[in-house]
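**Q** Structure incoming, see below.
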Amino acid sequence: MIYLDNSATTRPLDAAVFAAREMLEENWFNPSALYGQAVRVEKKMDACRASIASALSAKPDQVVFTGCGTEADSLAILGAAERFRGNRRVLLFAGEHPAVLNTAAQLAALSQEVELVPATDEGVIDLDALSALLNERVGLVSCMHVNNETGAVQPVAQVSRLLQEKSPGALLHVDGVQGFLRVPLDLRAAGVHLYAVSAHKVHGPKGVGALIVSKGVRLSPRLAGGGQEAGLRSGTENTAGIAAFGEAVRWAAAQEGAPERLRRMKLLLFERLRESIEGLRVNGPAPESGGAAPHILNVSFPGVGGEVMVHALEAEGVLCGTGAACSSKKRGMSAAFCAMRAPRWAAESAVRFSFGFLNTLEEAEEAAEAAVRCYRRYQGFQRR
Ligand code: PLP
């Protein structure tokens, strides 16, 4: 099997599985308890906080563990909005993941005004449009780090500069689920107040996420309870998941040159496809450009449906995704494709190949050969 659907989820690292098992078998104590065994568990959680923080040039006490990336996004956006004084404006980038976009209804219920910031044709936030929407009433802007479908890297630092200029005092939330550890970001230097990550996208387990909260930012918790995680996320922590997350982050952060290696694999696949498939369309920024994330390639195969390609590739032992992996079972155009005004055929024929730290160049090569074979097989049956 060649697994190229790493933006949907990644294979947990052996060391992460080992760390989780060790927590479940040996260190299963409640980290809030007072005895030594519990303190040991708390120390292990703190080690994970330190690894996440260090990868983002943040401080360990800024890391709040959550149940997933989705929850981290909700805590950031709704937790901030609940503390607004009166009615404010919240700007969400139109190409966001549903974890962000679908907070709009709850924001409206909190009497906040929500506006979507449009994207360019390459799926990047339109900075001119953002600038026109910014004013003193804006309380929060949410702009993801890397788009989960197209791999478009968003100009987070430029967004932050615009905010400081036109909406000083507004918070910047960044959904970093697809960018964390693959596109470097210094949260302080980039002026990011809130940053969401998820363990299962970086070779950790599902069901663990974290929100990195800048000093001085006040949020209302989403859950009422025992006040764990500095009062921001009640509920006994998923200590096994957190230990595994920590192990995965430590390992990934130590892989020197990993983003370049991911980029080489992606470009090899892209070059092979471009050479052999006439009319291949790239969805998102040019793959070789700095505006494209190193690990995601989203292309449309003219005349062959994305689902047909995905199943044909599966039969060849290559696993990849169509459209948005988080909602690939839903019909219709995804938010990212709508936001960049992609033609319908492109959305229907889109295949997303996403690389992880465990892939190899040989796999990229084999996947390209398989994709060309699959395309040739089905291109004759195209709809007229
Ligand atoms: N944000 C982005 C950009 C994602 O790609 C995903 C998952 O695909 C999420 C948020 C949700 O993360 P989780 O699955 O941990 O809830």
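If you're wondering about the labels, chains in the structure tokens are A, B, ... by order shown, residues count from 1 in each chain, ligands from 1 in order shown.
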Give me, as a PyMOL selection string, all polymer residues having an atom no more than 6 Å from Leu280 of chain A, counting only C-alpha atoms and skipping those fewer than 3 positions away in the same chain.
**A** chain A and resi 277+300-301
**Q** Keeping only C-alpha atoms, take the residues you just selected and write them out as a CSV table (one decimal), in the first residue's frame.
**A**
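part14.csv written:
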```csv
chain,number,residue,atom,x,y,z
A,277,ILE,CA,-1.5,14.1,-18.8
A,300,SER,CA,-7.9,17.6,-11.7
A,301,PHE,CA,-7.8,14.9,-14.3
```
**Q** Which residues of chain A come within 7 Å of ligand 1, and for each one, what is the closest pair of atoms and their distance in Å to one decimal, counting only C-alpha atoms and all ligand atoms, sorted by chain and residue number, as a tab-separated table?
**A**
```
residue	atom	partner	partner_atom_place_in_ligand_line	distance
A:Ser7	CA	ligand 1	8 (O)	6.4
A:Ala8	CA	ligand 1	8 (O)	5.4
A:Cys68	CA	ligand 1	15 (O)	3.9
A:Gly69	CA	ligand 1	15 (O)	3.5
A:Thr70	CA	ligand 1	16 (O)	3.7
A:Glu71	CA	ligand 1	16 (O)	6.5
A:Glu96	CA	ligand 1	3 (C)	6.9
A:His97	CA	ligand 1	3 (C)	5.1
A:Ala99	CA	ligand 1	10 (C)	5.4
A:Met144	CA	ligand 1	3 (C)	6.8
A:Val146	CA	ligand 1	3 (C)	6.9
A:Asn147	CA	ligand 1	3 (C)	6.0
A:Asn148	CA	ligand 1	5 (O)	4.6
A:Asp175	CA	ligand 1	1 (N)	5.8
A:Gly176	CA	ligand 1	3 (C)	6.7
A:Val177	CA	ligand 1	2 (C)	4.9
A:Gln178	CA	ligand 1	3 (C)	5.3
A:Ser198	CA	ligand 1	15 (O)	4.6
A:Ala199	CA	ligand 1	15 (O)	6.9
A:His200	CA	ligand 1	15 (O)	6.6
A:Lys206	CA	ligand 1	15 (O)	6.6
A:Gly207	CA	ligand 1	15 (O)	6.4
A:Val208	CA	ligand 1	15 (O)	6.7
A:Gly209	CA	ligand 1	15 (O)	5.9
A:Ala325	CA	ligand 1	8 (O)	6.5
A:Cys326	CA	ligand 1	8 (O)	5.0
```
**Q** Write the residues you've just listed into a file as a PDB file, in the first residue's frame, and include N, CA and C atoms for each of them.
**A**
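Output contents, as saved in selection20.pdb:
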```pdb
ATOM      1  N   SER A   7      -3.331  14.143   4.585  1.00  0.00           N
ATOM      2  CA  SER A   7      -4.075  15.299   5.084  1.00  0.00           C
ATOM      3  C   SER A   7      -5.390  14.864   5.705  1.00  0.00           C
ATOM      4  N   ALA A   8      -5.811  13.628   5.407  1.00  0.00           N
ATOM      5  CA  ALA A   8      -7.008  13.082   6.072  1.00  0.00           C
ATOM      6  C   ALA A   8      -6.609  12.586   7.457  1.00  0.00           C
ATOM      7  N   CYS A  68      -9.584  17.529  19.945  1.00  0.00           N
ATOM      8  CA  CYS A  68      -9.273  17.441  18.509  1.00  0.00           C
ATOM      9  C   CYS A  68      -8.995  18.848  17.969  1.00  0.00           C
ATOM     10  N   GLY A  69      -8.624  18.892  16.702  1.00  0.00           N
ATOM     11  CA  GLY A  69      -8.386  20.194  16.067  1.00  0.00           C
ATOM     12  C   GLY A  69      -9.674  20.996  15.982  1.00  0.00           C
ATOM     13  N   THR A  70     -10.776  20.320  15.692  1.00  0.00           N
ATOM     14  CA  THR A  70     -12.071  20.991  15.591  1.00  0.00           C
ATOM     15  C   THR A  70     -12.397  21.712  16.891  1.00  0.00           C
ATOM     16  N   GLU A  71     -12.163  21.022  18.010  1.00  0.00           N
ATOM     17  CA  GLU A  71     -12.462  21.635  19.299  1.00  0.00           C
ATOM     18  C   GLU A  71     -11.553  22.831  19.572  1.00  0.00           C
ATOM     19  N   GLU A  96     -11.904  28.291   4.533  1.00  0.00           N
ATOM     20  CA  GLU A  96     -11.585  27.538   5.759  1.00  0.00           C
ATOM     21  C   GLU A  96     -12.200  26.142   5.774  1.00  0.00           C
ATOM     22  N   HIS A  97     -11.660  25.335   6.643  1.00  0.00           N
ATOM     23  CA  HIS A  97     -12.211  24.006   6.942  1.00  0.00           C
ATOM     24  C   HIS A  97     -13.557  24.199   7.654  1.00  0.00           C
ATOM     25  N   ALA A  99     -14.511  23.153  10.344  1.00  0.00           N
ATOM     26  CA  ALA A  99     -14.301  23.366  11.794  1.00  0.00           C
ATOM     27  C   ALA A  99     -14.331  24.855  12.127  1.00  0.00           C
ATOM     28  N   MET A 144      -6.648  30.390   8.062  1.00  0.00           N
ATOM     29  CA  MET A 144      -5.900  29.151   8.245  1.00  0.00           C
ATOM     30  C   MET A 144      -4.440  29.289   7.791  1.00  0.00           C
ATOM     31  N   VAL A 146      -2.503  26.514   6.307  1.00  0.00           N
ATOM     32  CA  VAL A 146      -2.415  25.810   5.017  1.00  0.00           C
ATOM     33  C   VAL A 146      -3.791  25.234   4.718  1.00  0.00           C
ATOM     34  N   ASN A 147      -4.261  25.454   3.495  1.00  0.00           N
ATOM     35  CA  ASN A 147      -5.571  24.912   3.145  1.00  0.00           C
ATOM     36  C   ASN A 147      -5.500  23.386   3.018  1.00  0.00           C
ATOM     37  N   ASN A 148      -6.459  22.712   3.632  1.00  0.00           N
ATOM     38  CA  ASN A 148      -6.451  21.255   3.674  1.00  0.00           C
ATOM     39  C   ASN A 148      -6.725  20.603   2.323  1.00  0.00           C
ATOM     40  N   ASP A 175      -5.940  28.391  12.025  1.00  0.00           N
ATOM     41  CA  ASP A 175      -6.108  26.945  12.071  1.00  0.00           C
ATOM     42  C   ASP A 175      -4.836  26.358  11.464  1.00  0.00           C
ATOM     43  N   GLY A 176      -4.000  25.802  12.343  1.00  0.00           N
ATOM     44  CA  GLY A 176      -2.698  25.302  11.889  1.00  0.00           C
ATOM     45  C   GLY A 176      -2.679  23.801  11.682  1.00  0.00           C
ATOM     46  N   VAL A 177      -3.870  23.189  11.612  1.00  0.00           N
ATOM     47  CA  VAL A 177      -3.935  21.726  11.567  1.00  0.00           C
ATOM     48  C   VAL A 177      -3.126  21.149  10.392  1.00  0.00           C
ATOM     49  N   GLN A 178      -3.150  21.815   9.241  1.00  0.00           N
ATOM     50  CA  GLN A 178      -2.420  21.273   8.078  1.00  0.00           C
ATOM     51  C   GLN A 178      -1.029  21.886   7.919  1.00  0.00           C
ATOM     52  N   SER A 198      -3.619  19.511  15.530  1.00  0.00           N
ATOM     53  CA  SER A 198      -4.265  18.221  15.743  1.00  0.00           C
ATOM     54  C   SER A 198      -3.222  17.112  15.628  1.00  0.00           C
ATOM     55  N   ALA A 199      -3.247  16.166  16.591  1.00  0.00           N
ATOM     56  CA  ALA A 199      -2.205  15.130  16.643  1.00  0.00           C
ATOM     57  C   ALA A 199      -2.251  14.177  15.452  1.00  0.00           C
ATOM     58  N   HIS A 200      -3.468  13.848  14.989  1.00  0.00           N
ATOM     59  CA  HIS A 200      -3.525  12.767  13.985  1.00  0.00           C
ATOM     60  C   HIS A 200      -3.062  13.192  12.594  1.00  0.00           C
ATOM     61  N   LYS A 206      -5.686   9.968  16.827  1.00  0.00           N
ATOM     62  CA  LYS A 206      -6.899  10.784  16.682  1.00  0.00           C
ATOM     63  C   LYS A 206      -7.445  11.124  18.073  1.00  0.00           C
ATOM     64  N   GLY A 207      -8.226  12.202  18.134  1.00  0.00           N
ATOM     65  CA  GLY A 207      -8.855  12.540  19.415  1.00  0.00           C
ATOM     66  C   GLY A 207      -7.974  13.352  20.346  1.00  0.00           C
ATOM     67  N   VAL A 208      -6.938  13.993  19.833  1.00  0.00           N
ATOM     68  CA  VAL A 208      -6.131  14.924  20.636  1.00  0.00           C
ATOM     69  C   VAL A 208      -5.796  16.126  19.774  1.00  0.00           C
ATOM     70  N   GLY A 209      -5.989  17.282  20.338  1.00  0.00           N
ATOM     71  CA  GLY A 209      -5.602  18.514  19.653  1.00  0.00           C
ATOM     72  C   GLY A 209      -5.059  19.475  20.682  1.00  0.00           C
ATOM     73  N   ALA A 325     -10.983  15.919   2.376  1.00  0.00           N
ATOM     74  CA  ALA A 325     -10.966  14.608   3.010  1.00  0.00           C
ATOM     75  C   ALA A 325     -11.941  14.525   4.172  1.00  0.00           C
ATOM     76  N   CYS A 326     -12.101  15.645   4.907  1.00  0.00           N
ATOM     77  CA  CYS A 326     -12.982  15.616   6.075  1.00  0.00           C
ATOM     78  C   CYS A 326     -14.438  15.449   5.672  1.00  0.00           C
TER      79      CYS A 326
END
```
**Q** Could you tell me, as an MDAnalysis selection string, which residues of segment 24-266 of chain A DSSP assigns to helix (DSSP H, G or I) when given the backbone?
**A** chainID A and resid 24:25 36:55 60:62 69:81 98:101 104:109 127:133 156:166 187:190 199:201 239:254 258:266
**Q** Can you list, as a list in words, every protein, DNA or RNA residue that comes within 8 Å of Ala367 of chain A when you count only C-alpha atoms, leaving out same-chain residues fewer than 5 positions away?
**A**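 Using only C-alpha atoms, the neighbours found are Ile2, Leu269 and Val318 of chain A.
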**Q** Taking N, CA and C atoms for each residue, export the selection above as a CSV table (one decimal), in the first residue's frame.
**A**
```csv
chain,number,residue,atom,x,y,z
A,2,ILE,N,0.5,2.2,-0.8
A,2,ILE,CA,1.2,3.5,-0.8
A,2,ILE,C,0.1,4.5,-0.3
A,269,LEU,N,6.0,13.7,-8.1
A,269,LEU,CA,4.7,13.2,-8.6
A,269,LEU,C,4.1,14.2,-9.6
A,318,VAL,N,-2.8,2.4,-4.2
A,318,VAL,CA,-2.4,3.8,-3.9
A,318,VAL,C,-3.7,4.5,-3.2
```
**Q** Would you please extract all strand (DSSP E) residues from segment 71-299 of chain A, as assigned by DSSP on the backbone, and give them as a VMD selection string?
**A** chain A and resid 89 to 93 113 to 117 138 to 142 171 to 175 194 to 198 209 to 213 281 to 282 296 to 299
**Q** Within 6 Å of segment 338-354 of chain A, counting only C-alpha atoms, which residues show up once you throw out same-chain ones fewer than 4 positions away? Write them as a ChimeraX atom specification, please.
**A** /A:4-7,94-95,119-121,123,295-301,304-306,320-323
**Q** If we count only C-alpha atoms, what is near Pro118 of chain A at a cut-off of 12 Å, once residues fewer than 6 positions away on the same chain are taken out, given as a list in words?
**A**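 In the requested format, the answer is Leu91, Leu92, Phe93, Ala94, Gly95, Glu96, Val124, Ile125, Asp126, Leu127, Asp128, Ala129, Leu130, Ser131, Ala132, Leu133, Cys143, Ala335, Ala336, Phe337, Cys338, Ala339, Met340 and Arg341 of chain A.
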**Q** How would the residues just picked look written out with N, CA and C atoms as a short mmCIF file (atom, residue, chain, number, x, y, z; two decimals), in the first residue's frame?
**A**
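Writing the result to selection.cif gives the following:
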```
data_model
loop_
_atom_site.label_atom_id
_atom_site.label_comp_id
_atom_site.auth_asym_id
_atom_site.auth_seq_id
_atom_site.Cartn_x
_atom_site.Cartn_y
_atom_site.Cartn_z
N LEU A 91 -14.40 38.00 11.04
CA LEU A 91 -14.10 37.73 9.64
C LEU A 91 -13.50 36.32 9.52
N LEU A 92 -14.16 35.49 8.72
CA LEU A 92 -13.65 34.13 8.50
C LEU A 92 -13.23 34.02 7.04
N PHE A 93 -12.05 33.48 6.79
CA PHE A 93 -11.60 33.26 5.41
C PHE A 93 -12.56 32.25 4.76
N ALA A 94 -13.00 32.56 3.54
CA ALA A 94 -14.03 31.74 2.89
C ALA A 94 -13.55 30.32 2.57
N GLY A 95 -12.23 30.11 2.51
CA GLY A 95 -11.73 28.77 2.16
C GLY A 95 -11.43 27.90 3.36
N GLU A 96 -11.90 28.29 4.53
CA GLU A 96 -11.59 27.54 5.76
C GLU A 96 -12.20 26.14 5.77
N VAL A 124 -6.00 31.63 -2.13
CA VAL A 124 -5.29 32.36 -1.07
C VAL A 124 -6.20 33.51 -0.63
N ILE A 125 -6.16 33.85 0.64
CA ILE A 125 -7.01 34.94 1.15
C ILE A 125 -6.71 36.22 0.35
N ASP A 126 -7.76 36.92 -0.05
CA ASP A 126 -7.61 38.13 -0.84
C ASP A 126 -7.32 39.30 0.13
N LEU A 127 -6.07 39.75 0.14
CA LEU A 127 -5.65 40.73 1.14
C LEU A 127 -6.33 42.09 0.92
N ASP A 128 -6.62 42.43 -0.33
CA ASP A 128 -7.31 43.71 -0.59
C ASP A 128 -8.73 43.65 -0.03
N ALA A 129 -9.38 42.52 -0.27
CA ALA A 129 -10.75 42.37 0.25
C ALA A 129 -10.73 42.37 1.78
N LEU A 130 -9.73 41.72 2.36
CA LEU A 130 -9.62 41.71 3.82
C LEU A 130 -9.45 43.13 4.34
N SER A 131 -8.55 43.86 3.68
CA SER A 131 -8.27 45.22 4.11
C SER A 131 -9.56 46.06 4.09
N ALA A 132 -10.37 45.86 3.04
CA ALA A 132 -11.61 46.63 2.93
C ALA A 132 -12.62 46.26 4.02
N LEU A 133 -12.53 45.03 4.52
CA LEU A 133 -13.50 44.59 5.55
C LEU A 133 -13.07 44.96 6.97
N CYS A 143 -7.88 32.97 9.87
CA CYS A 143 -7.25 32.67 8.58
C CYS A 143 -6.33 31.46 8.75
N ALA A 335 -16.10 24.20 0.17
CA ALA A 335 -15.92 25.65 0.41
C ALA A 335 -14.67 26.17 -0.28
N ALA A 336 -13.59 25.39 -0.21
CA ALA A 336 -12.33 25.88 -0.80
C ALA A 336 -12.46 26.03 -2.31
N PHE A 337 -13.12 25.06 -2.95
CA PHE A 337 -13.28 25.14 -4.41
C PHE A 337 -14.24 26.26 -4.79
N CYS A 338 -15.30 26.45 -4.01
CA CYS A 338 -16.22 27.57 -4.28
C CYS A 338 -15.47 28.88 -4.11
N ALA A 339 -14.67 28.97 -3.02
CA ALA A 339 -13.98 30.23 -2.70
C ALA A 339 -13.03 30.64 -3.83
N MET A 340 -12.40 29.65 -4.48
CA MET A 340 -11.45 30.05 -5.55
C MET A 340 -12.11 30.00 -6.92
N ARG A 341 -13.43 29.90 -6.93
CA ARG A 341 -14.22 29.93 -8.17
C ARG A 341 -13.73 28.90 -9.18
#
```
**Q** With only C-alpha atoms as the basis for distance, which of A:Ala370, A:Ala230, A:Met333, A:Phe270 is at the shortest distance from Ala315 of chain A?
**A**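 Once distances to Ala315 of chain A are computed over only C-alpha atoms, the minimum belongs to A:Ala370.
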**Q** Kindly give the distance, in Å, that separates atom CA of Arg21 of chain A and atom CA of Ala248 of chain A, rounded to a single decimal.
**A**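 For atom CA of Arg21 of chain A relative to atom CA of Ala248 of chain A, the distance reads 13.9 Å.
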**Q** Which residue gives the smallest distance to Pro221 of chain A among A:Pro60, A:Pro294, A:Gly169, A:Gly235, with only C-alpha atoms counted?
**A**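 Of A:Pro60, A:Pro294, A:Gly169, A:Gly235, the one nearest Pro221 of chain A, counting only C-alpha atoms, is A:Gly235.
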**Q** Figure out the distance between atom CA of Glu165 of chain A and atom CA of Leu134 of chain A, please, to one decimal in Å.
**A**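 For atom CA of Leu134 of chain A relative to atom CA of Glu165 of chain A, the distance reads 9.2 Å.
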